[in-house]
>>> print(open('final12.cif').read())   # mmCIF, C-alpha atoms
data_model
#
loop_
_atom_site.label_atom_id
_atom_site.label_comp_id
_atom_site.auth_asym_id
_atom_site.auth_seq_id
_atom_site.Cartn_x
_atom_site.Cartn_y
_atom_site.Cartn_z
CA MET A 272 47.83 -31.98 -47.19
CA ARG A 273 48.77 -30.88 -43.71
CA LYS A 274 49.14 -34.44 -42.42
CA PHE A 275 51.26 -35.30 -45.43
CA PHE A 276 53.49 -32.36 -44.66
CA ILE A 277 53.88 -33.29 -41.01
CA ILE A 278 54.90 -36.82 -42.03
CA ILE A 279 57.57 -35.44 -44.37
CA LEU A 280 58.84 -33.11 -41.66
CA PHE A 281 58.93 -35.98 -39.17
CA LEU A 282 60.88 -38.16 -41.61
CA ALA A 283 63.31 -35.36 -42.41
CA ILE A 284 64.11 -34.95 -38.74
CA SER A 285 64.19 -38.62 -37.78
CA LEU A 286 65.89 -40.19 -40.81
CA PRO A 287 69.42 -39.04 -39.90
CA ALA A 288 68.93 -40.53 -36.43
CA VAL A 289 67.80 -43.84 -37.95
CA PHE A 290 70.81 -43.99 -40.25
CA ALA A 291 73.13 -43.05 -37.39
CA GLU A 292 72.42 -46.35 -35.64
CA GLY A 293 75.42 -48.40 -34.70
CA ASN A 294 78.88 -47.08 -35.40
CA ARG A 295 77.91 -45.36 -38.62
CA ASP A 296 77.31 -41.66 -38.27
CA TYR A 297 75.27 -40.78 -41.29
CA MET A 298 75.65 -37.02 -40.83
CA ARG A 299 79.36 -36.95 -40.04
CA GLU A 300 80.71 -39.44 -42.56
CA THR A 301 81.60 -38.50 -46.16
CA GLY A 302 82.83 -35.09 -45.11
CA LYS A 303 79.54 -34.01 -43.46
CA ILE A 304 77.95 -33.54 -46.90
CA ASN A 305 74.59 -34.65 -45.51
CA VAL A 306 74.53 -31.59 -43.26
CA VAL A 307 74.31 -29.55 -46.47
CA VAL A 308 71.52 -31.80 -47.73
CA ALA A 309 69.65 -31.33 -44.44
CA VAL A 310 70.05 -27.54 -44.60
CA ILE A 311 68.74 -27.38 -48.18
CA LEU A 312 65.85 -29.64 -47.18
CA VAL A 313 64.95 -27.39 -44.23
CA ILE A 314 64.89 -24.31 -46.48
CA PHE A 315 62.81 -26.10 -49.11
CA LEU A 316 60.31 -27.44 -46.58
CA GLY A 317 60.08 -24.05 -44.87
CA ILE A 318 59.18 -22.26 -48.08
CA VAL A 319 56.74 -25.03 -49.08
CA TRP A 320 55.11 -24.76 -45.65
CA TYR A 321 54.61 -21.02 -46.17
CA LEU A 322 53.17 -21.56 -49.66
CA LEU A 323 50.77 -24.22 -48.32
CA ARG A 324 49.57 -21.76 -45.69
CA LEU A 325 48.99 -19.18 -48.40
CA GLU A 326 47.18 -21.74 -50.51
CA ARG A 327 44.79 -22.54 -47.68
CA LYS A 328 44.01 -18.84 -47.29
CA LEU A 329 43.39 -18.56 -51.03
CA THR A 330 41.05 -21.57 -51.00
CA LYS A 331 39.05 -19.95 -48.23
CA LEU A 332 38.85 -16.73 -50.23
CA GLU A 333 37.76 -18.63 -53.34
CA HIS A 334 34.92 -20.27 -51.42
CA GLN A 335 33.91 -16.89 -50.09
CA ILE A 336 33.84 -15.35 -53.59
CA HIS A 337 31.88 -18.35 -54.83
CA ASP A 338 29.29 -18.02 -52.05
CA THR A 339 28.83 -14.30 -52.61
CA HIS A 340 28.42 -14.90 -56.31
CA GLU A 341 25.69 -17.48 -55.72
CA ARG A 342 23.84 -15.25 -53.30
CA LYS A 343 23.75 -12.44 -55.86
CA ASN A 344 22.26 -14.65 -58.56
CA MET B 1006 58.54 -11.49 -64.40
CA TRP B 1007 62.18 -11.49 -65.51
CA TRP B 1008 63.39 -11.32 -61.93
CA LYS B 1009 61.47 -14.46 -60.97
CA THR B 1010 63.23 -16.32 -63.78
CA LEU B 1011 66.53 -14.83 -62.62
CA SER B 1012 65.83 -16.02 -59.09
CA VAL B 1013 65.27 -19.61 -60.27
CA VAL B 1014 68.35 -19.54 -62.51
CA LEU B 1015 70.58 -18.18 -59.74
CA ILE B 1016 69.32 -20.65 -57.12
CA ILE B 1017 69.85 -23.56 -59.51
CA TYR B 1018 73.34 -22.21 -60.19
CA ALA B 1019 74.01 -21.97 -56.44
CA LEU B 1020 72.76 -25.54 -55.93
CA LEU B 1021 74.79 -27.02 -58.79
CA ALA B 1022 78.02 -25.09 -58.30
CA GLY B 1023 77.65 -25.18 -54.53
CA LEU B 1024 77.32 -28.95 -54.47
CA LEU B 1025 79.53 -30.04 -57.38
CA VAL B 1026 82.71 -27.97 -57.05
CA PRO B 1027 85.21 -30.12 -55.09
CA LEU B 1028 87.06 -29.14 -51.94
CA LYS B 1029 90.80 -28.51 -51.98
CA SER B 1030 93.12 -31.17 -50.56
CA GLY B 1031 93.51 -31.17 -46.82
CA ILE B 1032 95.19 -33.06 -43.99
CA GLN B 1033 92.70 -34.47 -41.51
CA ARG B 1034 95.14 -35.72 -38.90
CA VAL B 1035 98.57 -37.28 -38.41
CA GLU B 1036 99.77 -40.24 -36.37
CA PRO B 1037 101.67 -40.13 -34.07
CA ALA B 1038 100.94 -36.57 -33.02
CA TYR B 1039 104.09 -36.24 -30.93
CA ALA B 1040 107.79 -37.07 -31.27
CA ARG B 1041 111.11 -36.61 -29.48
CA THR B 1042 114.30 -35.01 -30.74
CA LYS B 1043 117.15 -37.13 -32.16
CA GLN B 1044 114.83 -39.84 -33.42
CA ASP B 1045 113.76 -41.24 -36.75
CA VAL B 1046 109.99 -41.02 -36.78
CA SER B 1047 107.62 -42.45 -39.33
CA ILE B 1048 104.48 -40.32 -39.44
CA ARG B 1049 101.22 -41.23 -41.12
CA PHE B 1050 99.29 -38.41 -42.79
CA TYR B 1051 95.56 -38.88 -43.34
CA GLY B 1052 94.42 -36.73 -46.24
CA TYR B 1053 91.05 -35.50 -47.48
CA ASN B 1054 90.47 -35.16 -51.25
CA THR B 1055 94.13 -36.06 -51.77
CA PHE B 1056 95.82 -38.02 -54.55
CA PHE B 1057 98.93 -39.36 -52.85
CA ALA B 1058 99.13 -42.52 -54.96
CA LYS B 1059 98.35 -40.86 -58.29
CA PRO B 1060 101.48 -40.50 -60.43
CA ALA B 1061 102.43 -36.86 -60.89
CA ALA B 1062 105.00 -34.96 -62.92
CA GLU B 1063 106.95 -33.92 -59.82
CA PRO B 1064 107.44 -35.77 -56.56
CA LEU B 1065 105.36 -35.08 -53.46
CA ARG B 1066 107.05 -33.00 -50.78
CA VAL B 1067 106.28 -33.11 -47.07
CA TRP B 1068 107.40 -30.75 -44.33
CA LEU B 1069 106.98 -30.26 -40.62
CA TYR B 1070 107.77 -26.65 -39.75
CA ALA B 1071 107.89 -24.52 -36.62
CA ASP B 1072 107.99 -21.15 -38.38
CA GLU B 1073 109.10 -19.82 -41.75
CA ASN B 1074 112.80 -20.19 -40.95
CA ASN B 1075 112.74 -23.57 -39.24
CA ALA B 1076 111.43 -26.47 -41.27
CA LEU B 1077 112.10 -30.18 -41.55
CA ALA B 1078 111.64 -31.96 -44.87
CA ALA B 1079 110.68 -35.63 -44.95
CA ARG B 1080 113.60 -37.94 -45.66
CA GLN B 1081 111.48 -40.65 -47.19
CA ILE B 1082 107.91 -40.58 -48.52
CA ARG B 1083 105.70 -43.58 -49.21
CA PRO B 1084 102.07 -43.27 -50.28
CA VAL B 1085 99.96 -46.11 -48.85
CA ASN B 1086 96.95 -45.12 -50.94
CA ASP B 1087 95.36 -41.91 -52.18
CA THR B 1088 94.50 -40.68 -48.69
CA ILE B 1089 97.25 -42.17 -46.50
CA LEU B 1090 100.88 -41.15 -46.74
CA GLU B 1091 103.82 -42.34 -44.69
CA ALA B 1092 106.78 -40.00 -44.28
CA VAL B 1093 109.96 -40.56 -42.30
CA PHE B 1094 111.56 -37.60 -40.54
CA THR B 1095 114.92 -37.40 -38.81
CA MET B 1096 114.29 -35.18 -35.83
CA PRO B 1097 117.13 -32.73 -35.06
CA GLU B 1098 119.07 -32.58 -31.81
CA ASN B 1099 117.42 -29.51 -30.35
CA LEU B 1100 114.51 -27.15 -30.85
CA PRO B 1101 114.51 -23.58 -32.20
CA GLY B 1102 114.71 -20.96 -29.44
CA GLY B 1103 115.99 -23.53 -26.94
CA LYS B 1104 112.41 -24.53 -26.12
CA GLN B 1105 111.41 -27.76 -24.38
CA SER B 1106 108.53 -28.45 -26.74
CA VAL B 1107 107.34 -27.00 -30.00
CA TYR B 1108 104.26 -27.58 -32.17
CA LEU B 1109 105.09 -28.30 -35.78
CA ASN B 1110 102.70 -27.53 -38.64
CA ALA B 1111 102.45 -30.06 -41.47
CA ILE B 1112 102.49 -29.27 -45.17
CA ILE B 1113 102.05 -31.75 -48.01
CA ASP B 1114 102.75 -30.25 -51.42
CA HIS B 1115 101.27 -31.98 -54.43
CA PRO B 1116 102.19 -30.67 -57.91
CA GLU B 1117 98.55 -30.69 -59.10
CA ALA B 1118 96.34 -30.67 -56.01
CA GLY B 1119 98.39 -27.92 -54.36
CA ALA B 1120 99.60 -27.57 -50.81
CA ALA B 1121 97.60 -28.95 -47.86
CA LEU B 1122 98.27 -27.59 -44.37
CA LEU B 1123 97.52 -28.85 -40.88
CA PRO B 1124 98.46 -26.40 -38.08
CA ALA B 1125 100.01 -27.81 -34.89
CA ALA B 1126 100.09 -31.34 -36.30
CA VAL B 1127 102.97 -32.78 -34.30
CA GLU B 1128 104.33 -31.85 -30.90
CA LEU B 1129 108.12 -32.23 -30.83
CA ARG B 1130 109.66 -32.52 -27.36
CA GLN B 1131 113.25 -31.98 -26.34
CA ASP B 1132 114.95 -35.19 -25.29
CA THR B 1133 116.08 -34.96 -21.65
CA GLY B 1134 119.41 -33.33 -20.94
CA MET B 1135 120.29 -32.83 -24.56
CA VAL B 1136 120.41 -29.08 -25.11
CA ALA B 1137 123.21 -28.26 -27.52
CA MET B 1138 124.46 -24.70 -27.74
CA ALA B 1139 124.06 -24.13 -31.46
CA LEU B 1140 120.77 -24.82 -33.23
CA ASP B 1141 120.83 -28.00 -35.26
CA PRO B 1142 121.50 -27.04 -38.92
CA ALA B 1143 118.84 -29.56 -40.02
CA TRP B 1144 116.21 -26.90 -39.27
CA MET B 1145 117.58 -24.60 -41.98
CA ALA B 1146 118.53 -27.21 -44.59
CA ASN B 1147 115.19 -27.56 -46.39
CA PRO B 1148 113.01 -24.45 -46.15
CA VAL B 1149 109.36 -24.61 -47.22
CA GLN B 1150 109.39 -23.11 -50.69
CA LYS B 1151 107.91 -23.23 -54.19
CA LEU B 1152 104.54 -24.52 -53.01
CA HIS B 1153 102.03 -25.38 -55.69
CA VAL B 1154 98.61 -23.82 -55.96
CA GLN B 1155 95.67 -25.71 -57.34
CA THR B 1156 94.50 -24.04 -60.52
CA GLY B 1157 91.00 -25.52 -60.97
CA PHE B 1158 87.75 -24.45 -59.33
CA SER B 1159 87.67 -25.63 -55.73
CA PHE B 1160 86.42 -24.54 -52.31
CA PRO B 1161 88.73 -24.17 -49.30
CA TYR B 1162 89.29 -27.20 -47.10
CA GLN B 1163 88.75 -26.66 -43.39
CA ASN B 1164 89.00 -29.24 -40.65
CA VAL B 1165 85.79 -29.97 -38.69
CA ILE B 1166 83.72 -28.14 -41.34
CA TYR B 1167 84.70 -30.25 -44.38
CA GLU B 1168 81.97 -30.31 -47.03
CA SER B 1169 79.54 -28.36 -44.89
CA ILE B 1170 81.37 -25.20 -46.00
CA ARG B 1171 78.84 -25.37 -48.84
CA ASN B 1172 76.18 -24.20 -46.39
CA THR B 1173 77.63 -20.73 -47.04
CA TYR B 1174 75.37 -20.62 -50.10
CA PHE B 1175 72.24 -21.72 -48.26
CA HIS B 1176 72.41 -20.72 -44.59
CA VAL B 1177 74.20 -17.37 -44.92
CA PRO B 1178 72.01 -15.88 -47.70
CA MET B 1179 68.96 -16.34 -45.43
CA TRP B 1180 70.27 -13.43 -43.33
CA PHE B 1181 70.73 -11.26 -46.40
CA VAL B 1182 67.18 -12.03 -47.51
CA LEU B 1183 65.95 -11.16 -44.01
CA LEU B 1184 67.79 -7.83 -44.06
CA PHE B 1185 66.49 -6.88 -47.51
CA LEU B 1186 62.91 -7.89 -46.71
CA PHE B 1187 62.86 -6.09 -43.36
CA SER B 1188 64.36 -3.01 -45.04
CA ALA B 1189 61.59 -3.08 -47.64
CA SER B 1190 59.07 -3.53 -44.85
CA VAL B 1191 60.24 -0.50 -42.88
CA TRP B 1192 60.35 1.54 -46.09
CA TYR B 1193 56.64 0.86 -46.67
CA SER B 1194 55.87 1.50 -43.01
CA VAL B 1195 57.37 4.98 -43.30
CA LYS B 1196 55.45 5.40 -46.53
CA TYR B 1197 52.26 4.38 -44.74
CA LEU B 1198 52.80 6.95 -42.01
CA ARG B 1199 53.26 9.66 -44.62
CA GLN B 1200 50.35 8.46 -46.74
CA PRO B 1201 47.99 6.01 -45.01
CA LEU B 1202 47.01 3.89 -47.99
CA PRO B 1203 46.10 0.22 -47.32
CA GLU B 1204 48.46 -0.74 -50.18
CA ASN B 1205 51.47 0.58 -48.25
CA ASP B 1206 50.39 -1.34 -45.15
CA ARG B 1207 49.93 -4.54 -47.15
CA HIS B 1208 53.48 -4.23 -48.48
CA ALA B 1209 54.94 -3.54 -45.04
CA ALA B 1210 53.16 -6.53 -43.46
CA ALA B 1211 53.95 -8.97 -46.27
CA TYR B 1212 57.65 -8.09 -46.38
CA ALA B 1213 57.90 -8.40 -42.59
CA GLU B 1214 56.17 -11.80 -42.73
CA ALA B 1215 58.47 -13.13 -45.46
CA GLY B 1216 61.45 -11.70 -43.60
CA LEU B 1217 60.39 -13.54 -40.47
CA LEU B 1218 60.04 -16.77 -42.48
CA PHE B 1219 63.60 -16.47 -43.79
CA GLY B 1220 64.83 -15.49 -40.34
CA VAL B 1221 63.38 -18.68 -38.86
CA LEU B 1222 64.87 -20.69 -41.74
CA GLY B 1223 68.25 -19.07 -41.09
CA LEU B 1224 68.01 -19.90 -37.40
CA VAL B 1225 66.96 -23.53 -37.97
CA THR B 1226 69.55 -24.19 -40.68
CA GLY B 1227 72.14 -22.59 -38.42
CA MET B 1228 71.16 -24.99 -35.64
CA VAL B 1229 71.44 -28.00 -37.97
CA TRP B 1230 74.88 -26.85 -39.09
CA ALA B 1231 75.99 -26.02 -35.54
CA ASN B 1232 74.99 -29.48 -34.32
CA TYR B 1233 77.64 -31.09 -36.52
CA THR B 1234 80.38 -28.46 -36.29
CA TRP B 1235 80.06 -26.86 -32.85
CA GLY B 1236 78.79 -30.05 -31.21
CA LYS B 1237 75.29 -28.92 -30.24
CA PRO B 1238 72.47 -27.03 -31.94
CA TRP B 1239 72.34 -24.16 -29.45
CA SER B 1240 75.52 -22.87 -27.79
CA ASN B 1241 74.17 -19.50 -26.58
CA ASP B 1242 76.43 -17.95 -29.16
CA ILE B 1243 76.00 -14.17 -29.20
CA LYS B 1244 74.66 -14.24 -32.76
CA GLN B 1245 72.18 -17.00 -31.98
CA LEU B 1246 70.89 -15.10 -28.96
CA MET B 1247 70.64 -11.73 -30.68
CA THR B 1248 68.93 -13.28 -33.68
CA ALA B 1249 66.39 -14.98 -31.46
CA VAL B 1250 65.69 -11.62 -29.77
CA ALA B 1251 65.32 -9.86 -33.14
CA LEU B 1252 62.91 -12.50 -34.43
CA LEU B 1253 60.81 -12.26 -31.26
CA ILE B 1254 60.63 -8.48 -31.71
CA TYR B 1255 59.27 -9.01 -35.21
CA LEU B 1256 56.88 -11.69 -33.98
CA ALA B 1257 55.43 -9.05 -31.66
CA TYR B 1258 54.81 -6.88 -34.74
CA PHE B 1259 52.21 -9.36 -35.97
CA ILE B 1260 50.62 -9.76 -32.57
CA LEU B 1261 50.34 -5.97 -32.39
CA ARG B 1262 48.72 -5.78 -35.83
CA ARG B 1263 46.00 -8.23 -34.88
CA SER B 1264 45.20 -6.78 -31.49
CA PHE B 1265 43.16 -3.83 -32.74
CA ASP B 1266 39.57 -3.99 -33.93
CA GLU B 1267 39.96 -0.79 -35.86
CA TYR B 1268 42.07 -1.46 -38.96
CA GLU B 1269 43.60 1.99 -39.36
CA LYS B 1270 44.62 2.32 -35.74
CA GLY B 1271 46.34 -1.09 -35.80
CA ALA B 1272 48.06 -0.36 -39.09
CA ARG B 1273 49.40 2.98 -37.89
CA LEU B 1274 50.68 1.60 -34.58
CA ALA B 1275 52.22 -1.40 -36.35
CA ALA B 1276 53.99 0.96 -38.75
CA VAL B 1277 55.47 2.93 -35.86
CA TYR B 1278 56.45 -0.30 -34.09
CA ASN B 1279 58.06 -1.58 -37.30
CA ILE B 1280 60.39 1.44 -37.39
CA PHE B 1281 61.49 0.71 -33.82
CA ALA B 1282 61.87 -2.99 -34.62
CA PHE B 1283 64.11 -2.21 -37.57
CA ALA B 1284 66.10 0.27 -35.52
CA SER B 1285 66.80 -2.49 -32.99
CA LEU B 1286 67.49 -5.11 -35.68
CA VAL B 1287 70.64 -3.39 -36.92
CA PRO B 1288 72.46 -3.27 -33.55
CA LEU B 1289 71.17 -6.74 -32.61
CA LEU B 1290 72.44 -8.46 -35.75
CA TYR B 1291 75.33 -6.31 -36.89
CA ILE B 1292 76.81 -4.37 -33.97
CA VAL B 1293 76.43 -6.29 -30.69
CA PRO B 1294 77.71 -9.65 -32.08
CA ARG B 1295 80.99 -7.99 -33.08
CA MET B 1296 81.65 -6.81 -29.54
CA PHE B 1297 81.64 -10.29 -28.01
CA ALA B 1298 83.46 -13.51 -28.71
CA SER B 1299 81.49 -15.65 -31.12
CA LEU B 1300 81.74 -19.11 -32.59
CA HIS B 1301 80.79 -17.61 -35.93
CA PRO B 1302 83.69 -17.02 -38.31
CA GLY B 1303 84.86 -13.48 -39.00
CA ALA B 1304 82.90 -12.03 -36.10
CA THR B 1305 85.46 -9.30 -35.50
CA GLY B 1306 85.58 -8.06 -39.10
CA ASN B 1307 82.90 -8.11 -41.74
CA PRO B 1308 81.10 -11.40 -41.08
CA ALA B 1309 81.02 -13.68 -44.11
CA PHE B 1310 83.08 -11.19 -46.10
CA GLY B 1311 86.49 -11.79 -44.51
CA SER B 1312 89.20 -12.96 -46.87
CA GLN B 1313 89.92 -15.95 -44.61
CA ASP B 1314 86.40 -17.30 -44.80
CA LEU B 1315 85.65 -16.63 -48.45
CA ASP B 1316 88.00 -17.07 -51.36
CA ASN B 1317 87.29 -15.89 -54.88
CA THR B 1318 85.82 -19.22 -55.97
CA MET B 1319 83.34 -19.06 -53.12
CA ARG B 1320 82.46 -15.45 -53.94
CA ALA B 1321 81.56 -16.54 -57.48
CA VAL B 1322 78.84 -18.75 -55.98
CA PHE B 1323 78.02 -16.77 -52.82
CA TYR B 1324 77.01 -13.44 -54.41
CA PRO B 1325 74.73 -14.98 -57.07
CA ALA B 1326 73.22 -17.16 -54.31
CA ILE B 1327 72.40 -14.05 -52.24
CA ILE B 1328 70.69 -12.39 -55.23
CA GLY B 1329 68.81 -15.59 -56.10
CA TRP B 1330 67.48 -16.22 -52.59
CA THR B 1331 66.62 -12.52 -52.13
CA LEU B 1332 64.55 -12.49 -55.32
CA LEU B 1333 62.80 -15.67 -54.15
CA GLY B 1334 62.03 -13.94 -50.85
CA PHE B 1335 60.48 -10.98 -52.66
CA TRP B 1336 58.56 -13.39 -54.89
CA VAL B 1337 57.02 -15.09 -51.87
CA ALA B 1338 56.21 -11.68 -50.32
CA ASN B 1339 54.70 -10.59 -53.63
CA LEU B 1340 52.27 -13.53 -53.57
CA ARG B 1341 51.30 -12.58 -50.03
CA ILE B 1342 50.64 -8.96 -51.07
CA ARG B 1343 48.46 -10.06 -53.99
CA TYR B 1344 46.48 -12.38 -51.74
CA GLN B 1345 45.90 -9.60 -49.22
CA ARG B 1346 44.81 -7.19 -51.97
CA LEU B 1347 42.21 -9.69 -53.20
CA HIS B 1348 41.12 -10.45 -49.66
CA ASP B 1349 40.59 -6.78 -48.83
CA LYS B 1350 38.66 -6.27 -52.06
CA VAL B 1351 36.30 -9.18 -51.35
CA MET B 1352 35.77 -7.98 -47.78
CA ASP B 1353 34.96 -4.48 -49.04
CA LEU B 1354 32.42 -5.82 -51.52
CA GLU B 1355 30.70 -7.86 -48.85
CA GLY B 1356 30.84 -5.25 -46.14
#
>>> encode(input="final12.cif", output="structure tokens")
Amino acid sequence: MRKFFIIILFLAISLPAVFAEGNRDYMRETGKINVVVAVILVIFLGIVWYLLRLERKLTKLEHQIHDTHERKN
Amino acid sequence: MWWKTLSVVLIIYALLAGLLVPLKSGIQRVEPAYARTKQDVSIRFYGYNTFFAKPAAEPLRVWLYADENNALAARQIRPVNDTILEAVFTMPENLPGGKQSVYLNAIIDHPEAGAALLPAAVELRQDTGMVAMALDPAWMANPVQKLHVQTGFSFPYQNVIYESIRNTYFHVPMWFVLLFLFSASVWYSVKYLRQPLPENDRHAAAYAEAGLLFGVLGLVTGMVWANYTWGKPWSNDIKQLMTAVALLIYLAYFILRRSFDEYEKGARLAAVYNIFAFASLVPLLYIVPRMFASLHPGATGNPAFGSQDLDNTMRAVFYPAIIGWTLLGFWVANLRIRYQRLHDKVMDLEG
């Protein structure tokens, strides 16, 4: 999950640079609309990153509850 | 639960309206950008979101004007296509106020799309040795009047910013979410000091954590936006600097929390620190930036609330966006609180 996330983050950062090759400026053409897309993407990925972190903590807690339960029985 | 639904509805509204409502017409640039007096000059206007070639009920009108009393109307107008317009001007003999050079603003008035303005579009220079006594009457012949206003929903056009004005609904609300979450956090910190219940501490910590998340998002989105409007991601702008300081202060809050073995001692000290952090947040984000020059718009008035930066159409998207993102922030913090509650319960059972 984490690796997957890092790949997405890497693509999000590097894709504009790839498209900007040559004379075309991917971020500046069409009225800089892709800046808005990038900003929305950053917010989305940031919140997803936080939720993933929370999920990992929850998984750990679930394992802990499971172990305690087994010990008691 | 209703507020979580509201949050989703408002964010979807902000995304759809924020991305789909078109910009008003604007003038990107003109060519040539300078002219001399007593000449016939053909000037090319490059428009953005314009409809020069589209047939309209009334004719297009084009002016170059120095101030409200001195304006030159185009003698001849020829649309090349929807975004390029050629207009021929007969430049008068002399300049208003007997000046050697004057910057003329450009206005293109379209009966449906409204008036588009470009300040200081053309520099008009006095031809050598030709200073007549009386001001050329051509300046007064065709005043700028009866401009049309676009009636449909549209966002303001601004050069350099263009479509990225839509970031107002995504980057700016992050700071509102941060302020609301940090306010909630300090509220629970005070509550904890009055009544040291773990529940109050959990709230304070979770709201501070979510606030920090949205603060970082605001900073990063600001850097992305700045890269394409100010030229580089970090310009040591006063707001950027103060925000970075404020976020570091809150980062220290979490380091402080974790640096005590005894839970209650750490929680109490963190609560006290949180009050100081919040007390420094307000001057750092809302007072100091207004005392220095800033690249941010509206820095001298109410940032993001000035009438120049926000028109009524933008307000109709901006305010719902703030509410939507804020509710999402509290939703995320709420999940964090519930996790911590469970965690503490399990630890208690085991311990």
>>> interface_residues(input="final12.cif", of="chain B", to="chain A", cutoff="6 Å", atoms="all atoms listed in the file", output="list in words")
Tyr1167, Glu1168, Ser1169, Asn1172, Leu1222 and Thr1226 of chain B
>>> residues_near_point(input="final12.cif", point="(79.1, -27.7, -32.2)", cutoff="12 Å", atoms="all atoms listed in the file", output="list of chain:residue names")
B:Val1165, B:Ile1166, B:Gly1227, B:Met1228, B:Val1229, B:Trp1230, B:Ala1231, B:Asn1232, B:Tyr1233, B:Thr1234, B:Trp1235, B:Gly1236, B:Lys1237, B:Pro1238, B:Trp1239, B:Ser1240, B:Asn1241, B:Asp1242, B:Leu1300, B:His1301
>>> atom_distance(input="final12.cif", atom1="atom CA of B:Val1154", atom2="atom CA of B:Asp1114")
8.9 Å
>>> atom_distance(input="final12.cif", atom1="atom CA of A:Thr330", atom2="atom CA of B:Leu1340")
14.0 Å
>>> atom_distance(input="final12.cif", atom1="atom CA of B:Ala1276", atom2="atom CA of B:Leu1217")
15.9 Å
>>> resolve_selection(input="final12.cif", expression="the PyMOL selection byres ((chain B and resi 1099) around 12)", output="compact mmCIF listing (two decimals) with C-alpha atoms, keeping the file's coordinate frame")
# COMPACT_ATOMS: atom_id res chain seq x y z
CA ARG B 1041 111.11 -36.61 -29.48
CA THR B 1042 114.30 -35.01 -30.74
CA LYS B 1043 117.15 -37.13 -32.16
CA GLN B 1044 114.83 -39.84 -33.42
CA ASN B 1075 112.74 -23.57 -39.24
CA THR B 1095 114.92 -37.40 -38.81
CA MET B 1096 114.29 -35.18 -35.83
CA PRO B 1097 117.13 -32.73 -35.06
CA GLU B 1098 119.07 -32.58 -31.81
CA LEU B 1100 114.51 -27.15 -30.85
CA PRO B 1101 114.51 -23.58 -32.20
CA GLY B 1102 114.71 -20.96 -29.44
CA GLY B 1103 115.99 -23.53 -26.94
CA LYS B 1104 112.41 -24.53 -26.12
CA GLN B 1105 111.41 -27.76 -24.38
CA SER B 1106 108.53 -28.45 -26.74
CA VAL B 1107 107.34 -27.00 -30.00
CA LEU B 1129 108.12 -32.23 -30.83
CA ARG B 1130 109.66 -32.52 -27.36
CA GLN B 1131 113.25 -31.98 -26.34
CA ASP B 1132 114.95 -35.19 -25.29
CA THR B 1133 116.08 -34.96 -21.65
CA GLY B 1134 119.41 -33.33 -20.94
CA MET B 1135 120.29 -32.83 -24.56
CA VAL B 1136 120.41 -29.08 -25.11
CA ALA B 1137 123.21 -28.26 -27.52
CA MET B 1138 124.46 -24.70 -27.74
CA ALA B 1139 124.06 -24.13 -31.46
CA LEU B 1140 120.77 -24.82 -33.23
CA ASP B 1141 120.83 -28.00 -35.26
CA PRO B 1142 121.50 -27.04 -38.92
CA ALA B 1143 118.84 -29.56 -40.02
CA TRP B 1144 116.21 -26.90 -39.27
>>> resolve_selection(input="final12.cif", expression="the PyMOL selection byres ((chain B and resi 1065) around 8)", output="mmCIF file with C-alpha atoms, in the frame of the given file")
data_model
loop_
_atom_site.group_PDB
_atom_site.id
_atom_site.type_symbol
_atom_site.label_atom_id
_atom_site.label_comp_id
_atom_site.auth_asym_id
_atom_site.auth_seq_id
_atom_site.Cartn_x
_atom_site.Cartn_y
_atom_site.Cartn_z
ATOM 1 C CA PHE B 1057 98.930 -39.360 -52.850
ATOM 2 C CA GLU B 1063 106.950 -33.920 -59.820
ATOM 3 C CA PRO B 1064 107.440 -35.770 -56.560
ATOM 4 C CA ARG B 1066 107.050 -33.000 -50.780
ATOM 5 C CA VAL B 1067 106.280 -33.110 -47.070
ATOM 6 C CA ILE B 1082 107.910 -40.580 -48.520
ATOM 7 C CA ILE B 1113 102.050 -31.750 -48.010
ATOM 8 C CA ASP B 1114 102.750 -30.250 -51.420
ATOM 9 C CA HIS B 1115 101.270 -31.980 -54.430
ATOM 10 C CA PRO B 1116 102.190 -30.670 -57.910
#
>>> residues_around(input="final12.cif", residues="stretch 1193-1198 of chain B", least_positions_apart="5", cutoff="10 Å", atoms="all atoms listed in the file", output="ChimeraX atom specification")
/B:1187-1188,1203-1210,1212,1272-1280
>>> closest_residue(input="final12.cif", among="B:Phe1283, B:Tyr1258, B:Phe1175, B:Tyr1053", to="B:Trp1192", atoms="only C-alpha atoms")
B:Phe1283
>>> residues_around(input="final12.cif", residues="B:Lys1009", least_positions_apart="3", cutoff="10 Å", atoms="all atoms listed in the file", output="short mmCIF file (atom, residue, chain, number, x, y, z; two decimals) with C-alpha atoms, keeping the file's coordinate frame")
data_model
loop_
_atom_site.label_atom_id
_atom_site.label_comp_id
_atom_site.auth_asym_id
_atom_site.auth_seq_id
_atom_site.Cartn_x
_atom_site.Cartn_y
_atom_site.Cartn_z
CA MET B 1006 58.54 -11.49 -64.40
CA SER B 1012 65.83 -16.02 -59.09
CA VAL B 1013 65.27 -19.61 -60.27
CA VAL B 1014 68.35 -19.54 -62.51
CA LEU B 1015 70.58 -18.18 -59.74
CA GLY B 1329 68.81 -15.59 -56.10
CA LEU B 1332 64.55 -12.49 -55.32
CA LEU B 1333 62.80 -15.67 -54.15
CA PHE B 1335 60.48 -10.98 -52.66
CA TRP B 1336 58.56 -13.39 -54.89
#
>>> residues_around(input="final12.cif", residues="B:Pro1325", least_positions_apart="4", cutoff="10 Å", atoms="only C-alpha atoms", output="PyMOL selection string")
chain B and resi 1011-1012+1014-1016+1018-1019+1174+1178+1320-1321+1329-1331
>>> residues_around(input="final12.cif", residues="stretch 1026-1029 of chain B", least_positions_apart="4", cutoff="12 Å", atoms="only C-alpha atoms", output="PyMOL selection string")
(chain A and resi 302+304) or (chain B and resi 1018-1022+1052-1056+1115+1117-1122+1154-1164+1166-1171+1316+1318-1319+1321-1322)
